[in-house]
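To be precise, the following lines are protein.pdb, and they hold PDB, C-alpha atoms, pLDDT in the B column.
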```pdb
MODEL        1
ATOM      1  CA  MET A 279       0.000   0.000   0.000  1.00 59.00           C
ATOM      2  CA  ASP A 280       1.609   3.260  -1.112  1.00 69.00           C
ATOM      3  CA  ASP A 281       4.981   1.418  -1.329  1.00 70.00           C
ATOM      4  CA  GLN A 282       4.618   0.049   2.223  1.00 68.00           C
ATOM      5  CA  LEU A 283       4.667  -3.750   2.707  1.00 64.00           C
ATOM      6  CA  LEU A 284       1.578  -4.743   4.712  1.00 63.00           C
ATOM      7  CA  LEU A 285       1.482  -8.554   4.430  1.00 64.00           C
ATOM      8  CA  GLU A 286       4.365 -10.857   3.535  1.00 64.00           C
ATOM      9  CA  SER A 287       4.292 -14.601   2.992  1.00 65.00           C
ATOM     10  CA  TRP A 288       6.781 -15.118   0.166  1.00 60.00           C
ATOM     11  CA  ARG A 289       7.270 -18.876   0.438  1.00 67.00           C
ATOM     12  CA  PRO A 290       5.786 -21.989  -1.123  1.00 72.00           C
ATOM     13  CA  GLY A 291       2.898 -23.542   0.753  1.00 72.00           C
ATOM     14  CA  SER A 292      -0.676 -24.727   0.668  1.00 72.00           C
ATOM     15  CA  ARG A 293      -3.728 -22.481   0.500  1.00 73.00           C
ATOM     16  CA  ARG A 294      -3.774 -19.920   3.341  1.00 72.00           C
ATOM     17  CA  THR A 295      -5.493 -16.643   4.152  1.00 77.00           C
ATOM     18  CA  LEU A 296      -3.650 -13.629   5.554  1.00 71.00           C
ATOM     19  CA  GLU A 297      -5.593 -10.707   7.050  1.00 74.00           C
ATOM     20  CA  LEU A 298      -4.869  -7.393   8.703  1.00 70.00           C
ATOM     21  CA  ASP A 299      -6.667  -4.186   9.654  1.00 73.00           C
ATOM     22  CA  HIS A 300      -4.907  -1.104   8.271  1.00 69.00           C
ATOM     23  CA  ALA A 301      -5.954   2.499   8.954  1.00 71.00           C
ATOM     24  CA  MET A 302      -6.011   4.632   5.800  1.00 70.00           C
ATOM     25  CA  GLU A 303      -6.318   8.343   5.199  1.00 73.00           C
ATOM     26  CA  PRO A 304      -8.975   9.511   2.725  1.00 71.00           C
ATOM     27  CA  GLY A 305      -7.775   9.894  -0.856  1.00 79.00           C
ATOM     28  CA  GLU A 306      -6.192   7.835  -3.598  1.00 81.00           C
ATOM     29  CA  HIS A 307      -3.789   5.024  -2.745  1.00 76.00           C
ATOM     30  CA  THR A 308      -1.655   2.684  -4.840  1.00 78.00           C
ATOM     31  CA  VAL A 309      -2.324  -0.981  -4.056  1.00 73.00           C
ATOM     32  CA  ARG A 310       0.118  -3.611  -5.361  1.00 77.00           C
ATOM     33  CA  LEU A 311      -0.265  -7.382  -4.955  1.00 74.00           C
ATOM     34  CA  GLU A 312       2.656  -9.630  -5.949  1.00 74.00           C
ATOM     35  CA  TYR A 313       2.205 -13.383  -6.401  1.00 75.00           C
ATOM     36  CA  PHE A 314       4.219 -16.444  -7.411  1.00 74.00           C
ATOM     37  CA  GLU A 315       3.185 -20.045  -8.106  1.00 77.00           C
ATOM     38  CA  ASP A 316       5.570 -22.887  -7.202  1.00 77.00           C
ATOM     39  CA  LYS A 317       3.782 -26.099  -8.271  1.00 78.00           C
ATOM     40  CA  GLY A 318       0.369 -27.718  -8.075  1.00 79.00           C
ATOM     41  CA  VAL A 319      -2.787 -25.618  -7.703  1.00 79.00           C
ATOM     42  CA  ALA A 320      -2.515 -21.923  -8.626  1.00 80.00           C
ATOM     43  CA  LEU A 321      -4.808 -19.561  -6.694  1.00 76.00           C
ATOM     44  CA  VAL A 322      -4.830 -15.896  -5.668  1.00 76.00           C
ATOM     45  CA  ASN A 323      -7.712 -13.802  -4.297  1.00 78.00           C
ATOM     46  CA  LEU A 324      -7.756 -10.241  -2.930  1.00 76.00           C
ATOM     47  CA  ARG A 325     -10.719  -9.069  -0.863  1.00 77.00           C
ATOM     48  CA  TRP A 326     -11.202  -5.544   0.394  1.00 76.00           C
ATOM     49  CA  GLU A 327     -13.721  -4.146   2.841  1.00 73.00           C
ATOM     50  CA  ALA A 328     -14.009  -1.092   5.028  1.00 70.00           C
ATOM     51  CA  ARG A 329     -13.897  -1.983   8.719  1.00 69.00           C
ATOM     52  CA  ASP A 330     -16.209  -0.428  11.255  1.00 73.00           C
ATOM     53  CA  PHE A 331     -14.950  -0.935  14.774  1.00 77.00           C
ATOM     54  CA  GLY A 332     -17.878   0.929  16.311  1.00 86.00           C
ATOM     55  CA  TRP A 333     -17.465   3.475  19.068  1.00 91.00           C
ATOM     56  CA  PHE A 334     -14.026   4.366  20.451  1.00 91.00           C
ATOM     57  CA  GLY A 335     -14.504   4.552  24.215  1.00 93.00           C
ATOM     58  CA  SER A 336     -12.251   6.282  26.744  1.00 95.00           C
ATOM     59  CA  TYR A 337     -12.997   5.549  30.414  1.00 96.00           C
ATOM     60  CA  TYR A 338     -11.877   7.791  33.304  1.00 97.00           C
ATOM     61  CA  ASN A 339     -11.745   7.282  37.076  1.00 98.00           C
ATOM     62  CA  ASN A 340     -13.425  10.644  37.716  1.00 96.00           C
ATOM     63  CA  ARG A 341     -16.776  12.278  36.889  1.00 94.00           C
ATOM     64  CA  ASP A 342     -15.473  15.006  34.558  1.00 94.00           C
ATOM     65  CA  LEU A 343     -13.532  13.139  31.834  1.00 96.00           C
ATOM     66  CA  GLY A 344     -10.343  14.674  33.221  1.00 96.00           C
ATOM     67  CA  GLY A 345      -6.781  13.441  32.942  1.00 97.00           C
ATOM     68  CA  ASP A 346      -5.700  10.316  31.137  1.00 96.00           C
ATOM     69  CA  PRO A 347      -8.185   7.504  30.541  1.00 96.00           C
ATOM     70  CA  VAL A 348      -7.610   4.290  32.494  1.00 97.00           C
ATOM     71  CA  LEU A 349      -9.119   2.240  29.663  1.00 95.00           C
ATOM     72  CA  GLN A 350      -9.573   2.746  25.932  1.00 94.00           C
ATOM     73  CA  ARG A 351     -11.356   0.233  23.726  1.00 92.00           C
ATOM     74  CA  TYR A 352     -13.767  -0.157  20.827  1.00 90.00           C
ATOM     75  CA  ASP A 353     -17.381  -0.831  21.771  1.00 91.00           C
ATOM     76  CA  SER A 354     -19.698  -2.123  19.041  1.00 88.00           C
ATOM     77  CA  ALA A 355     -22.678  -0.289  20.578  1.00 91.00           C
ATOM     78  CA  ILE A 356     -23.449   2.001  23.499  1.00 94.00           C
ATOM     79  CA  ASN A 357     -25.943  -0.154  25.359  1.00 93.00           C
ATOM     80  CA  PHE A 358     -24.619  -0.931  28.823  1.00 94.00           C
ATOM     81  CA  ASP A 359     -26.184  -1.787  32.173  1.00 94.00           C
ATOM     82  CA  TRP A 360     -23.313  -2.201  34.611  1.00 94.00           C
ATOM     83  CA  GLY A 361     -25.619  -2.188  37.639  1.00 93.00           C
ATOM     84  CA  SER A 362     -23.398  -1.530  40.666  1.00 92.00           C
ATOM     85  CA  GLY A 363     -20.319  -2.751  38.773  1.00 94.00           C
ATOM     86  CA  SER A 364     -18.042  -1.056  36.267  1.00 94.00           C
ATOM     87  CA  PRO A 365     -17.049  -1.433  32.611  1.00 96.00           C
ATOM     88  CA  ASP A 366     -13.737  -3.119  33.490  1.00 95.00           C
ATOM     89  CA  SER A 367     -11.603  -3.988  36.519  1.00 97.00           C
ATOM     90  CA  ARG A 368      -9.461  -0.889  35.823  1.00 96.00           C
ATOM     91  CA  VAL A 369     -12.493   1.423  36.087  1.00 97.00           C
ATOM     92  CA  ASN A 370     -13.981   2.456  39.449  1.00 96.00           C
ATOM     93  CA  ALA A 371     -17.518   1.201  40.120  1.00 96.00           C
ATOM     94  CA  ASP A 372     -18.517   4.699  41.340  1.00 95.00           C
ATOM     95  CA  GLY A 373     -17.358   8.099  40.157  1.00 95.00           C
ATOM     96  CA  PHE A 374     -16.271   7.172  36.639  1.00 96.00           C
ATOM     97  CA  SER A 375     -16.981   8.829  33.282  1.00 96.00           C
ATOM     98  CA  ALA A 376     -16.691   7.757  29.654  1.00 97.00           C
ATOM     99  CA  ARG A 377     -16.515   9.386  26.246  1.00 96.00           C
ATOM    100  CA  TRP A 378     -17.327   7.573  22.996  1.00 95.00           C
ATOM    101  CA  LEU A 379     -16.368   8.891  19.563  1.00 94.00           C
ATOM    102  CA  ARG A 380     -17.368   7.736  16.108  1.00 90.00           C
ATOM    103  CA  GLN A 381     -17.430   9.146  12.591  1.00 86.00           C
ATOM    104  CA  LEU A 382     -20.749   8.474  10.868  1.00 84.00           C
ATOM    105  CA  HIS A 383     -21.940   9.224   7.353  1.00 81.00           C
ATOM    106  CA  LEU A 384     -25.594  10.254   7.616  1.00 81.00           C
ATOM    107  CA  ASP A 385     -28.041  11.091   4.880  1.00 85.00           C
ATOM    108  CA  GLY A 386     -29.752  14.462   5.198  1.00 86.00           C
ATOM    109  CA  GLY A 387     -33.015  14.514   7.130  1.00 88.00           C
ATOM    110  CA  VAL A 388     -34.449  14.815  10.612  1.00 88.00           C
ATOM    111  CA  TYR A 389     -33.067  12.397  13.197  1.00 87.00           C
ATOM    112  CA  ARG A 390     -34.394  11.781  16.707  1.00 87.00           C
ATOM    113  CA  VAL A 391     -31.432  11.611  19.066  1.00 88.00           C
ATOM    114  CA  SER A 392     -32.062  10.099  22.491  1.00 87.00           C
ATOM    115  CA  ALA A 393     -30.085   8.683  25.384  1.00 91.00           C
ATOM    116  CA  THR A 394     -31.069   6.907  28.587  1.00 90.00           C
ATOM    117  CA  ALA A 395     -28.604   7.248  31.451  1.00 91.00           C
ATOM    118  CA  ASP A 396     -28.371   6.943  35.225  1.00 89.00           C
ATOM    119  CA  ASP A 397     -26.480  10.096  36.061  1.00 90.00           C
ATOM    120  CA  GLY A 398     -25.056  12.528  33.507  1.00 91.00           C
ATOM    121  CA  VAL A 399     -25.133  12.369  29.732  1.00 94.00           C
ATOM    122  CA  ARG A 400     -24.280  14.804  26.916  1.00 94.00           C
ATOM    123  CA  ILE A 401     -24.430  14.307  23.159  1.00 94.00           C
ATOM    124  CA  TRP A 402     -22.319  16.366  20.773  1.00 92.00           C
ATOM    125  CA  ILE A 403     -22.643  16.329  16.975  1.00 91.00           C
ATOM    126  CA  ASN A 404     -19.872  18.086  15.028  1.00 90.00           C
ATOM    127  CA  ASP A 405     -18.739  19.860  18.224  1.00 89.00           C
ATOM    128  CA  ASP A 406     -22.268  21.201  18.843  1.00 90.00           C
ATOM    129  CA  LEU A 407     -23.889  20.234  22.152  1.00 91.00           C
ATOM    130  CA  VAL A 408     -27.309  18.898  21.089  1.00 90.00           C
ATOM    131  CA  LEU A 409     -28.438  17.148  24.288  1.00 90.00           C
ATOM    132  CA  ASP A 410     -27.325  18.190  27.774  1.00 90.00           C
ATOM    133  CA  GLY A 411     -28.290  16.108  30.783  1.00 90.00           C
ATOM    134  CA  TRP A 412     -24.993  16.406  32.681  1.00 87.00           C
ATOM    135  CA  GLN A 413     -26.029  15.996  36.307  1.00 76.00           C
ATOM    136  CA  GLY A 414     -25.195  13.782  39.240  1.00 59.00           C
ATOM    137  CA  ASN A 415     -27.416  11.359  41.089  1.00 54.00           C
ATOM    138  CA  THR A 416     -29.249  13.197  43.873  1.00 50.00           C
ATOM    139  CA  THR A 417     -29.563  10.022  45.985  1.00 51.00           C
ATOM    140  CA  ASP A 418     -25.803   9.504  46.511  1.00 46.00           C
TER     141      ASP A 418
ENDMDL
END
```
Final structure tokens representation of the file:
Amino acid sequence: MDDQLLLESWRPGSRRTLELDHAMEPGEHTVRLEYFEDKGVALVNLRWEARDFGWFGSYYNNRDLGGDPVLQRYDSAINFDWGSGSPDSRVNADGFSARWLRQLHLDGGVYRVSATADDGVRIWINDDLVLDGWQGNTTD
């Protein structure tokens, strides 16, 4: 890809599949596949698909998203009920916060945006605050 070797298996062998996830900037890229056949069955196949890892989550051991996150991971959806627990052993069960980011391509139109949360929640779209329910639990 753009003169960078991404996968290498330059040896004789039986049928095998090699895979990797590679982040790419928007724009045109040069893709080059090189192949050799030693003996027996000849086969080559290139498949290409955009990967969607979902929401990139950053989890903090405080209520204000401050400092460095104690956990970062991809979450396929934002649909959690941790009860009295936490997202991970590295995250406090009480007094934690999280931020999820994702780039979405949306068709024009009117969208209903909603969130259900026990304690504070805010939703930003293109750096515009569109839903603000940032508050703490009054029954601490």
Which polymer residues, whether protein, DNA or RNA, lie within 6 Å of the coordinate (-18.9, 4.7, 34.9) when you count only C-alpha atoms? List them as a short mmCIF file (atom, residue, chain, number, x, y, z; two decimals) with C-alpha atoms, in the coordinates of the input, using the chain letters and numbers from the file.
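Written output follows (part09.cif):
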```
data_model
loop_
_atom_site.label_atom_id
_atom_site.label_comp_id
_atom_site.auth_asym_id
_atom_site.auth_seq_id
_atom_site.Cartn_x
_atom_site.Cartn_y
_atom_site.Cartn_z
CA SER A 364 -18.04 -1.06 36.27
CA PHE A 374 -16.27 7.17 36.64
CA SER A 375 -16.98 8.83 33.28
#
```
Can you turn the PyMOL selection byres ((chain A and resi 319) around 12) into a concrete residue list for this file, as a PyMOL selection string?
chain A and resi 290-293+314-318+320-322
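Between CA of Ser367 (chain A) and CA of Gly344 (chain A) the interatomic distance comes to 19.0 Å.
Here the question is which of A:Asp372, A:Val408, A:Gly345, A:Ala301 gets nearest to Asp330 (chain A) using all atoms listed in the file, and that residue is A:Ala301.
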I want to know what sits within 8 Å of Ala376 (chain A), based on all atoms listed in the file, with residues of the same chain fewer than 4 positions away left out; could you give that as a count of residues only?
5
Find, counting only C-alpha atoms, the residue in A:Asp281, A:Asp406, A:Asp342, A:Glu312 that gets nearest to Leu324 (chain A).
A:Glu312
Could you tell me which residues the PyMOL selection byres ((chain A and resi 378) around 10) returns for this structure, as a PyMOL selection string?
chain A and resi 332-337+350-353+355-356+376-377+379-380+401
List as number ranges by chain the protein and nucleic acid residues near region 388-396 of chain A, meaning an atom at most 12 Å away when only C-alpha atoms are counted, but skip any in the same chain fewer than 2 places from it.
A: 356-362, 372, 375, 384-386, 398-403, 407-418
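Take CA of Asn404 (chain A) and CA of Leu382 (chain A): the distance between them is 10.5 Å.
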Adding 5 Å on each side of the box along x, y and z that holds all listed atoms of region 299-317 of chain A, could you give its centre and edge lengths in Å to one decimal, as JSON?
```
{"center_x": -1.7, "center_y": -8.1, "center_z": 0.7, "size_x": 24.5, "size_y": 46.0, "size_z": 27.9}
```
